[in-house]
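Next comes query06.csv, with CSV, C-alpha atoms and all ligand atoms.
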```csv
chain,number,residue,atom,x,y,z
A,48,MET,CA,113.5,116.0,118.1
A,49,THR,CA,110.3,114.3,117.1
A,50,THR,CA,107.9,113.2,119.9
A,51,GLU,CA,107.3,109.5,119.9
A,52,MET,CA,104.2,107.9,118.7
A,53,PRO,CA,102.2,106.4,121.6
A,54,THR,CA,102.3,102.7,121.9
A,55,VAL,CA,99.0,101.0,121.5
A,56,PRO,CA,98.4,98.6,124.5
A,57,GLU,CA,98.8,95.0,123.5
A,58,GLU,CA,95.5,94.0,125.1
A,59,ILE,CA,93.7,96.4,122.7
A,60,LEU,CA,95.3,94.9,119.7
A,61,SER,CA,94.7,91.4,120.8
A,62,ALA,CA,91.0,92.1,121.6
A,63,LEU,CA,90.6,93.5,118.1
A,64,ARG,CA,92.3,90.6,116.5
A,65,LYS,CA,90.7,87.8,118.3
A,66,HIS,CA,87.0,88.6,118.0
A,67,LYS,CA,85.1,88.0,114.8
A,68,ARG,CA,81.9,90.0,115.0
A,69,VAL,CA,82.6,93.4,116.4
A,70,LEU,CA,80.1,96.3,116.9
A,71,VAL,CA,81.7,99.7,116.8
A,72,ALA,CA,79.8,102.4,118.8
A,73,ALA,CA,80.4,106.0,119.9
A,74,HIS,CA,78.4,108.5,121.9
A,75,ALA,CA,74.9,109.4,120.9
A,76,ARG,CA,74.4,112.7,119.0
A,77,PRO,CA,77.7,112.0,117.4
A,78,ASP,CA,80.1,114.8,116.6
A,79,PRO,CA,82.7,114.4,113.9
A,80,ASP,CA,85.2,112.7,116.2
A,81,ALA,CA,82.6,110.2,117.5
A,82,MET,CA,81.5,109.3,114.0
A,83,GLY,CA,84.8,109.7,112.2
A,84,SER,CA,86.6,107.4,114.7
A,85,SER,CA,83.7,104.9,114.5
A,86,LEU,CA,84.0,104.7,110.7
A,87,ALA,CA,87.8,104.6,110.8
A,88,MET,CA,87.7,101.8,113.3
A,89,ALA,CA,85.2,99.8,111.2
A,90,TRP,CA,87.4,100.3,108.1
A,91,THR,CA,90.5,99.1,110.1
A,92,LEU,CA,88.7,96.0,111.4
A,93,ARG,CA,87.5,95.1,108.0
A,94,ALA,CA,91.0,95.5,106.6
A,95,ILE,CA,92.2,92.8,109.0
A,96,GLY,CA,89.4,90.5,108.2
A,97,VAL,CA,87.1,91.2,111.2
A,98,ASP,CA,83.4,91.6,110.5
A,99,ALA,CA,82.6,95.1,111.9
A,100,LEU,CA,79.4,97.0,112.0
A,101,VAL,CA,78.9,100.6,113.1
A,102,PHE,CA,76.2,101.6,115.6
A,103,ASN,CA,75.1,105.0,116.8
A,104,GLU,CA,71.9,105.7,118.6
A,105,ASP,CA,71.3,108.8,116.5
A,106,GLY,CA,72.6,107.4,113.2
A,107,LEU,CA,74.9,109.1,110.8
A,108,PRO,CA,74.6,112.9,111.2
A,109,PRO,CA,73.6,114.7,108.0
A,110,PHE,CA,76.7,116.9,107.9
A,111,LEU,CA,78.8,113.7,107.5
A,112,ARG,CA,76.8,112.2,104.7
A,113,PHE,CA,79.6,112.9,102.2
A,114,LEU,CA,81.9,110.3,103.8
A,115,THR,CA,82.2,106.8,102.2
A,116,LEU,CA,80.8,104.3,104.7
A,117,PRO,CA,82.1,100.8,105.5
A,118,GLY,CA,78.5,99.7,105.7
A,119,PRO,CA,75.2,101.0,107.1
A,120,VAL,CA,75.2,102.9,110.4
A,121,LEU,CA,72.7,101.0,112.6
A,122,SER,CA,70.7,103.0,115.0
A,123,THR,CA,68.7,100.3,116.9
A,124,PRO,CA,70.2,97.2,118.5
A,125,ASP,CA,67.2,95.3,117.0
A,126,SER,CA,68.6,95.9,113.5
A,127,LEU,CA,71.8,93.9,114.3
A,128,PRO,CA,72.0,90.8,112.1
A,129,CYS,CA,73.4,88.7,115.0
A,130,GLU,CA,74.8,89.2,118.5
A,131,PRO,CA,78.3,90.7,118.4
A,132,ASP,CA,81.1,89.1,120.4
A,133,LEU,CA,82.7,92.5,121.2
A,134,VAL,CA,81.6,96.1,121.4
A,135,VAL,CA,84.3,98.7,120.8
A,136,CYS,CA,83.2,102.0,122.5
A,137,LEU,CA,84.8,105.1,121.1
A,138,ASP,CA,84.9,108.8,122.3
A,139,CYS,CA,82.7,108.1,125.4
A,140,GLY,CA,83.7,109.7,128.7
A,141,ASP,CA,81.4,107.3,130.4
A,142,ARG,CA,79.3,104.3,129.5
A,143,ALA,CA,76.0,106.1,129.6
A,144,ARG,CA,77.0,108.3,126.7
A,145,LEU,CA,76.5,105.4,124.3
A,146,GLY,CA,72.8,105.9,124.8
A,147,ASP,CA,70.0,104.1,126.5
A,148,THR,CA,69.2,101.6,123.8
A,149,LEU,CA,72.7,100.0,123.8
A,150,GLN,CA,73.0,99.5,127.6
A,151,PRO,CA,71.4,95.9,127.7
A,152,LEU,CA,73.9,94.7,125.1
A,153,LEU,CA,76.8,96.3,127.0
A,154,ASP,CA,75.7,94.3,130.1
A,155,ARG,CA,76.0,91.0,128.1
A,156,VAL,CA,79.0,91.5,125.7
A,157,PRO,CA,82.7,92.2,126.4
A,158,THR,CA,83.7,95.8,125.7
A,159,VAL,CA,86.8,97.7,124.7
A,160,ASN,CA,86.9,101.4,125.7
A,161,ILE,CA,89.0,103.8,123.6
A,162,ASP,CA,88.7,107.5,124.5
A,163,HIS,CA,90.5,110.8,125.2
A,164,HIS,CA,88.2,112.4,127.8
A,165,LEU,CA,89.3,113.5,131.3
A,166,ALA,CA,87.8,111.3,134.1
A,167,ASN,CA,86.9,108.3,131.9
A,168,PRO,CA,86.2,105.6,134.5
A,169,LEU,CA,87.8,102.8,132.4
A,170,PHE,CA,84.5,101.1,131.9
A,171,GLY,CA,85.7,98.6,129.3
A,172,THR,CA,85.4,95.0,130.5
A,173,GLU,CA,88.1,93.6,128.1
A,174,ALA,CA,90.5,96.4,127.6
A,175,ASN,CA,90.8,100.2,128.0
A,176,TRP,CA,92.9,102.8,126.3
A,177,VAL,CA,92.2,106.3,127.5
A,178,GLU,CA,94.7,109.1,126.7
A,179,PRO,CA,93.4,112.6,127.7
A,180,GLY,CA,96.5,114.0,126.0
A,181,MET,CA,95.3,112.9,122.6
A,182,ALA,CA,93.6,115.5,120.4
A,183,ALA,CA,90.9,113.2,119.2
A,184,THR,CA,89.7,109.6,119.6
A,185,GLY,CA,90.4,109.5,115.8
A,186,GLU,CA,94.0,110.0,116.6
A,187,LEU,CA,94.0,106.9,118.8
A,188,VAL,CA,92.3,104.9,116.1
A,189,ALA,CA,95.0,106.1,113.6
A,190,TYR,CA,97.7,104.6,115.8
A,191,ILE,CA,95.7,101.4,116.1
A,192,ALA,CA,95.4,101.2,112.3
A,193,LYS,CA,99.2,101.8,112.0
A,194,ALA,CA,99.9,99.1,114.7
A,195,LEU,CA,97.8,96.7,112.7
A,196,SER,CA,99.6,97.6,109.4
A,197,VAL,CA,96.5,99.1,107.8
A,198,PRO,CA,97.5,102.0,105.5
A,199,LEU,CA,95.8,105.4,106.3
A,200,GLN,CA,94.4,105.9,102.9
A,201,GLY,CA,91.1,106.5,101.1
A,202,ALA,CA,87.8,106.5,103.1
A,203,LEU,CA,89.7,105.5,106.3
A,204,ALA,CA,92.0,108.6,106.0
A,205,GLU,CA,89.0,110.9,105.3
A,206,ALA,CA,87.2,109.6,108.4
A,207,LEU,CA,90.3,110.2,110.5
A,208,TYR,CA,90.9,113.7,109.1
A,209,VAL,CA,87.3,114.7,109.9
A,210,ALA,CA,87.7,113.4,113.5
A,211,ILE,CA,91.0,115.1,114.2
A,212,SER,CA,90.2,118.3,112.5
A,213,ALA,CA,87.0,118.8,114.4
A,214,ASP,CA,88.4,118.0,117.9
A,215,THR,CA,91.4,120.3,117.4
A,216,GLY,CA,89.2,123.2,116.1
A,217,ASN,CA,90.8,122.8,112.7
A,218,PHE,CA,94.3,122.4,114.2
A,219,SER,CA,94.1,125.5,116.4
A,220,TYR,CA,93.3,124.4,120.0
A,221,GLY,CA,95.9,123.6,122.7
A,222,ASN,CA,95.5,119.9,122.0
A,223,THR,CA,97.0,120.3,118.5
A,224,THR,CA,100.1,118.2,119.0
A,225,PRO,CA,103.0,117.5,116.6
A,226,GLY,CA,101.7,113.9,116.6
A,227,ALA,CA,98.3,114.9,115.3
A,228,MET,CA,99.8,117.2,112.6
A,229,ARG,CA,102.2,114.4,111.6
A,230,LEU,CA,99.4,112.0,111.1
A,231,VAL,CA,97.7,114.5,108.7
A,232,ALA,CA,101.0,115.2,106.9
A,233,ASP,CA,101.4,111.4,106.4
A,234,MET,CA,97.8,111.1,105.1
A,235,LEU,CA,98.4,114.0,102.7
A,236,GLU,CA,101.5,112.3,101.4
A,237,ASP,CA,99.4,109.2,100.8
A,238,GLY,CA,96.9,111.0,98.6
A,239,LEU,CA,94.3,112.6,101.0
A,240,ASN,CA,92.5,115.2,98.8
A,241,LEU,CA,92.3,118.1,101.3
A,242,PRO,CA,90.5,120.8,99.3
A,243,LYS,CA,87.8,118.4,98.2
A,244,LEU,CA,87.3,117.2,101.8
A,245,ARG,CA,87.2,120.7,103.3
A,246,ASP,CA,84.7,121.8,100.6
A,247,ALA,CA,82.4,118.9,101.6
A,248,MET,CA,82.9,119.6,105.3
A,249,GLU,CA,82.3,123.4,105.2
A,250,ASN,CA,80.2,124.4,102.2
A,251,ASN,CA,77.0,122.5,103.0
A,252,TRP,CA,74.8,124.9,105.0
A,253,SER,CA,71.0,124.8,104.6
A,254,GLU,CA,68.9,128.0,104.6
A,255,ALA,CA,67.4,126.8,107.9
A,256,ARG,CA,70.9,126.8,109.5
A,257,LEU,CA,71.7,130.2,108.2
A,258,ARG,CA,68.4,131.7,109.6
A,259,LEU,CA,68.9,130.0,112.9
A,260,TRP,CA,72.4,131.4,113.3
A,261,GLY,CA,71.1,134.9,112.5
A,262,ARG,CA,68.2,134.7,115.0
A,263,ILE,CA,70.4,133.3,117.8
A,264,MET,CA,73.3,135.7,117.3
A,265,GLN,CA,70.8,138.6,117.5
A,266,LYS,CA,69.9,137.7,121.1
A,267,VAL,CA,73.2,136.4,122.5
A,268,ARG,CA,73.6,137.5,126.1
A,269,ILE,CA,76.8,139.1,127.2
A,270,LEU,CA,77.0,138.7,131.0
A,271,GLU,CA,79.5,138.9,133.8
A,272,ASP,CA,81.1,142.1,132.6
A,273,GLY,CA,81.7,140.6,129.2
A,274,LYS,CA,83.3,137.4,130.5
A,275,LEU,CA,80.4,135.1,129.7
A,276,ALA,CA,78.5,135.0,126.3
A,277,ALA,CA,75.5,132.8,126.3
A,278,ALA,CA,73.3,131.6,123.4
A,279,LEU,CA,69.9,130.3,124.4
A,280,ILE,CA,68.2,128.2,121.7
A,281,THR,CA,64.6,127.4,122.6
A,282,LEU,CA,62.3,124.8,120.9
A,283,GLU,CA,60.5,127.8,119.5
A,284,ASP,CA,63.7,129.1,117.8
A,285,LEU,CA,64.3,125.8,116.2
A,286,ALA,CA,60.8,125.3,115.0
A,287,SER,CA,60.4,128.8,113.6
A,288,CYS,CA,63.6,128.4,111.5
A,289,HIS,CA,62.7,124.8,110.5
A,290,ALA,CA,66.1,124.0,112.0
A,291,THR,CA,67.4,120.7,113.5
A,292,ARG,CA,69.7,120.4,116.6
A,293,GLU,CA,72.6,119.8,114.2
A,294,ASP,CA,72.1,123.3,112.8
A,295,SER,CA,73.2,124.8,116.1
A,296,GLU,CA,76.6,123.0,115.9
A,297,GLY,CA,79.4,125.6,115.8
A,298,ILE,CA,77.5,128.6,117.3
A,299,VAL,CA,79.2,128.2,120.7
A,300,GLU,CA,82.7,128.4,119.0
A,301,GLN,CA,81.7,131.7,117.5
A,302,LEU,CA,80.8,133.2,120.9
A,303,ARG,CA,84.4,132.5,122.1
A,304,ARG,CA,85.6,134.9,119.4
A,305,LEU,CA,84.2,137.9,121.3
A,306,SER,CA,87.0,139.8,122.8
A,307,GLY,CA,87.0,139.5,126.6
A,308,VAL,CA,84.9,136.4,126.7
A,309,ARG,CA,86.3,133.7,129.1
A,310,VAL,CA,83.4,131.2,128.8
A,311,ALA,CA,81.1,130.7,125.9
A,312,LEU,CA,77.9,128.8,126.6
A,313,MET,CA,75.2,127.4,124.4
A,314,LEU,CA,72.0,126.1,125.9
A,315,ARG,CA,69.8,124.3,123.4
A,316,GLU,CA,66.4,123.0,124.4
A,317,GLU,CA,65.2,119.6,123.3
A,318,GLU,CA,62.2,117.4,124.2
A,319,LYS,CA,62.6,114.1,126.0
A,320,ASP,CA,59.6,112.0,127.0
A,321,GLY,CA,57.3,115.0,126.7
A,322,LYS,CA,59.5,117.2,128.9
A,323,VAL,CA,61.9,120.0,128.0
A,324,GLN,CA,65.6,119.5,128.8
A,325,VAL,CA,68.6,121.4,127.7
A,326,LYS,CA,71.9,120.4,126.1
A,327,ALA,CA,74.7,122.7,127.4
A,328,SER,CA,77.9,123.2,125.5
A,329,LEU,CA,80.8,125.2,127.2
A,330,ARG,CA,84.0,126.5,125.6
A,331,SER,CA,87.0,128.3,127.1
A,332,SER,CA,90.6,128.9,126.3
A,333,GLY,CA,93.9,128.2,128.1
A,334,LYS,CA,93.7,127.4,131.8
A,335,ASP,CA,90.0,128.2,132.1
A,336,ASN,CA,88.4,124.9,133.0
A,337,VAL,CA,84.8,124.4,131.8
A,338,GLN,CA,85.0,120.6,132.3
A,339,ALA,CA,84.7,121.3,136.0
A,340,VAL,CA,81.4,123.2,135.4
A,341,ALA,CA,80.0,120.4,133.2
A,342,ALA,CA,80.9,117.8,135.8
A,343,GLN,CA,78.7,119.7,138.4
A,344,PHE,CA,75.8,118.9,136.1
A,345,GLY,CA,76.6,115.3,135.4
A,346,GLY,CA,78.4,116.0,132.2
A,347,GLY,CA,82.1,116.2,131.3
A,348,GLY,CA,84.5,116.7,128.4
A,349,HIS,CA,87.8,118.5,128.2
A,350,ARG,CA,89.3,121.6,130.0
A,351,ASN,CA,88.3,123.9,127.1
A,352,ALA,CA,85.3,122.0,125.6
A,353,ALA,CA,82.7,120.3,127.7
A,354,GLY,CA,79.0,119.6,127.8
A,355,ALA,CA,76.1,118.3,129.9
A,356,THR,CA,72.4,117.6,129.6
A,357,ILE,CA,70.2,119.3,132.3
A,358,ALA,CA,66.6,118.7,133.1
A,359,LEU,CA,65.5,122.4,132.9
A,360,ASP,CA,64.6,124.8,130.2
A,361,ALA,CA,67.3,127.1,128.8
A,362,GLU,CA,66.4,130.1,130.9
A,363,LYS,CA,66.5,128.2,134.2
A,364,ALA,CA,69.6,126.3,133.3
A,365,LEU,CA,71.4,129.6,132.7
A,366,THR,CA,70.4,130.8,136.2
A,367,VAL,CA,71.6,127.6,137.9
A,368,MET,CA,74.9,127.4,135.9
A,369,GLN,CA,76.0,131.1,136.2
A,370,PRO,CA,77.4,130.8,139.8
A,371,TYR,CA,79.5,127.7,138.8
A,372,ILE,CA,80.7,129.5,135.6
A,373,ARG,CA,81.9,132.5,137.7
A,374,PHE,CA,84.1,130.0,139.5
A,375,VAL,CA,86.1,129.4,136.3
A,376,TRP,CA,87.8,132.8,136.5
A,377,ASN,CA,87.4,133.5,140.3
A,378,ARG,CA,89.3,130.3,141.0
A,379,LEU,CA,92.3,131.5,139.0
A,380,GLN,CA,92.5,135.1,140.3
A,401,LIG,P1,79.8,119.4,122.8
A,401,LIG,O1,79.5,120.7,123.6
A,401,LIG,O2,80.4,119.7,121.5
A,401,LIG,O3,78.6,118.5,122.8
A,401,LIG,O4,80.9,118.6,123.6
A,401,LIG,C1,82.1,119.1,124.0
A,401,LIG,C2,82.9,118.0,124.7
A,401,LIG,O5,82.3,117.6,125.9
A,401,LIG,C3,83.0,116.7,123.8
A,401,LIG,O6,84.3,116.2,124.1
A,401,LIG,C4,82.0,115.9,124.4
A,401,LIG,O7,82.3,114.5,124.2
A,401,LIG,C5,81.9,116.3,125.9
A,401,LIG,N1,80.5,116.1,126.4
A,401,LIG,C6,79.4,116.8,125.9
A,401,LIG,N2,78.4,116.4,126.6
A,401,LIG,C7,78.8,115.6,127.5
A,401,LIG,C8,78.1,114.8,128.6
A,401,LIG,O8,76.9,114.9,128.8
A,401,LIG,N3,78.9,114.0,129.4
A,401,LIG,C9,80.2,113.9,129.2
A,401,LIG,N4,80.9,113.1,130.0
A,401,LIG,N5,80.9,114.6,128.2
A,401,LIG,C10,80.2,115.4,127.4
A,402,MN,MN,86.4,113.4,120.9
```
Just give me the structure of the file as structure tokens.
Amino acid sequence: MTTEMPTVPEEILSALRKHKRVLVAAHARPDPDAMGSSLAMAWTLRAIGVDALVFNEDGLPPFLRFLTLPGPVLSTPDSLPCEPDLVVCLDCGDRARLGDTLQPLLDRVPTVNIDHHLANPLFGTEANWVEPGMAATGELVAYIAKALSVPLQGALAEALYVAISADTGNFSYGNTTPGAMRLVADMLEDGLNLPKLRDAMENNWSEARLRLWGRIMQKVRILEDGKLAAALITLEDLASCHATREDSEGIVEQLRRLSGVRVALMLREEEKDGKVQVKASLRSSGKDNVQAVAAQFGGGGHRNAAGATIALDAEKALTVMQPYIRFVWNRLQ
């Protein structure tokens, strides 16, 4: 028996059809699902005759530069040619994740909120579609494109594949549903060039990234009798390898490979307004819930992948997080 395709809420489709100048935006520091779903949404809107522009506070990440774009990715609201009449918010567990610079516009313009995070407060003012059971926001956008009779082909299909592949850990996490696999199978049938796409996605490392990974792996801390593996990335680590924050993407997933590890943690320092803060990324498997840990620090995400930003340096953040992390396995025993 095949599981049924989810039905796209009518108010989502009518909001997308009725507005003429739409801004598509996703969370700052975009991951492949945030940016892939943004590009796919813009392609879809353009296909039905809607003037769509993509915004992201941090622009297009370098690792996705191979994708064909439906137009420039704007990174300041000032660069908008005119006021949009709708903002489509994608992959944002809450409104703040869209970034500081977009908040004034969100106060003025109607919003549609399309997402798959737990605890999304349904902040869209015109329509909301939140499905925590969906593998990726890209999956939701795929169903929207289908509902609007837009074929999942070409650059649209590539953006969707990137989104779904990343958020399912390349089709390996518990969120890898038959529906997600079926979408990819349909796109393959429609001409998606998988080997070319995967080559562009994977074989693109810089020397700086390789050096950073080597340095960080050397000093990973194995704590809590092997149940916690933590990678601390200081500003000094990044600077001495000439690495950017994107170069650390993927390290936390490697830590989960260690046998016996229940929680993998990456703490990457960054500077904001002259102060050090840390971006925390948490990963787990099965019933181990790291979303609950991230939520304690004002963040969120999914049961097995969550994050938060904490106003401490990496060392101090580890100290304050450790008791909450212990709770992940203690709660279950
Ligand atoms: P990552 O660790 O790769 O940045 O994020 C893992 C998951 O947690 C993603 O689904 C991401 O959207 C979510 N996430 C990361 N940081 C935050 C945060 O500060 N707030 C919320 N609500 N979710 C986050
Ligand atoms: Mn996502």
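Put simply, atom CA of A:Ser332 is 16.9 Å away from atom MN of ligand MN 402 (chain A).
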### Task
Excluding stretch 56-60 of chain A and any residue of its chain fewer than 6 positions from it, enumerate the residues within 9 Å of it, using only C-alpha atoms, and give them as number ranges by chain.
A: 159-161, 173-176, 191, 194-195
### Task
Go through the chains and note each residue within 7 Å of ligand MN 402 (chain A), using all atoms listed in the file, then give the set as a ChimeraX atom specification.
/A:80-81,138,163,183-184,214
### Query
Can you tell me which residues sit at most 10 Å away from ligand LIG 401 (chain A), counting only C-alpha atoms and all ligand atoms, written as a VMD selection string?
chain A and resid 73 to 81 138 to 144 162 to 167 183 to 184 213 to 214 296 to 297 299 to 300 312 to 314 326 to 330 337 to 338 341 to 342 344 to 357
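The shortest atom-to-atom distance to A:Trp252, with only C-alpha atoms taken into account, belongs to A:Pro109 out of A:Gly96, A:Gly83, A:Pro128, A:Pro109.
Going from atom CA of A:Ala255 over to atom CA of A:Glu362, you cover 23.3 Å.
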### Given all atoms listed in the file as the counted atoms, nearest of A:Ala227, A:Leu169, A:Val156, A:Val135 to A:Ser212
A:Ala227
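Atom CA of A:Pro117 lies 16.1 Å from atom CA of A:Ala189.
Among the candidate residues A:Phe113, A:Pro157, A:Ser85, A:Gln150, the one lying nearest to A:Glu249 is A:Phe113, with distances computed using only C-alpha atoms.
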### Task
Write out as a count of residues only each polymer residue whose atoms come within 8 Å of A:Gly106, counting only C-alpha atoms; drop sequence neighbours fewer than 4 positions from it.
4
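Across A:Thr366, A:Asn251, A:Ser84, A:Gln343, the tightest approach to A:Leu279 is made by A:Thr366 when counting only C-alpha atoms.
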For A:Val267, list every protein, DNA or RNA residue within 12 Å, evaluated using all atoms listed in the file, and leave out those in the same chain fewer than 4 positions away; present the list as a short mmCIF file (atom, residue, chain, number, x, y, z; two decimals) with C-alpha atoms, keeping the file's coordinate frame.
```
data_model
loop_
_atom_site.label_atom_id
_atom_site.label_comp_id
_atom_site.auth_asym_id
_atom_site.auth_seq_id
_atom_site.Cartn_x
_atom_site.Cartn_y
_atom_site.Cartn_z
CA TRP A 260 72.40 131.40 113.30
CA GLY A 261 71.10 134.90 112.50
CA ARG A 262 68.20 134.70 115.00
CA ILE A 263 70.40 133.30 117.80
CA GLY A 273 81.70 140.60 129.20
CA LEU A 275 80.40 135.10 129.70
CA ALA A 276 78.50 135.00 126.30
CA ALA A 277 75.50 132.80 126.30
CA ALA A 278 73.30 131.60 123.40
CA LEU A 279 69.90 130.30 124.40
CA ILE A 280 68.20 128.20 121.70
CA ILE A 298 77.50 128.60 117.30
CA VAL A 299 79.20 128.20 120.70
CA GLN A 301 81.70 131.70 117.50
CA LEU A 302 80.80 133.20 120.90
CA ARG A 303 84.40 132.50 122.10
CA LEU A 305 84.20 137.90 121.30
CA ALA A 311 81.10 130.70 125.90
CA LEU A 312 77.90 128.80 126.60
CA MET A 313 75.20 127.40 124.40
CA LEU A 314 72.00 126.10 125.90
#
```
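In this comparison, which uses only C-alpha atoms, the residue of A:Leu203, A:Leu152, A:Ala62, A:Val197 approaching A:Leu86 most closely is A:Leu203.
Taking all atoms listed in the file into account, A:Ala361 lies nearest to A:Glu317 out of the set A:Val231, A:Leu114, A:Ser295, A:Glu317.
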### Message
Can you pull out the residues contacting A:Leu282? Cut-off 12 Å, using only C-alpha atoms, and skip same-chain residues under 3 positions away; I want them as JSON, numbers by chain.
### Response
{"A": [259, 279, 285, 286, 287, 288, 289, 290, 291, 292, 295, 314, 315, 316, 317, 318, 319, 322, 323, 324, 325, 326, 360, 361]}
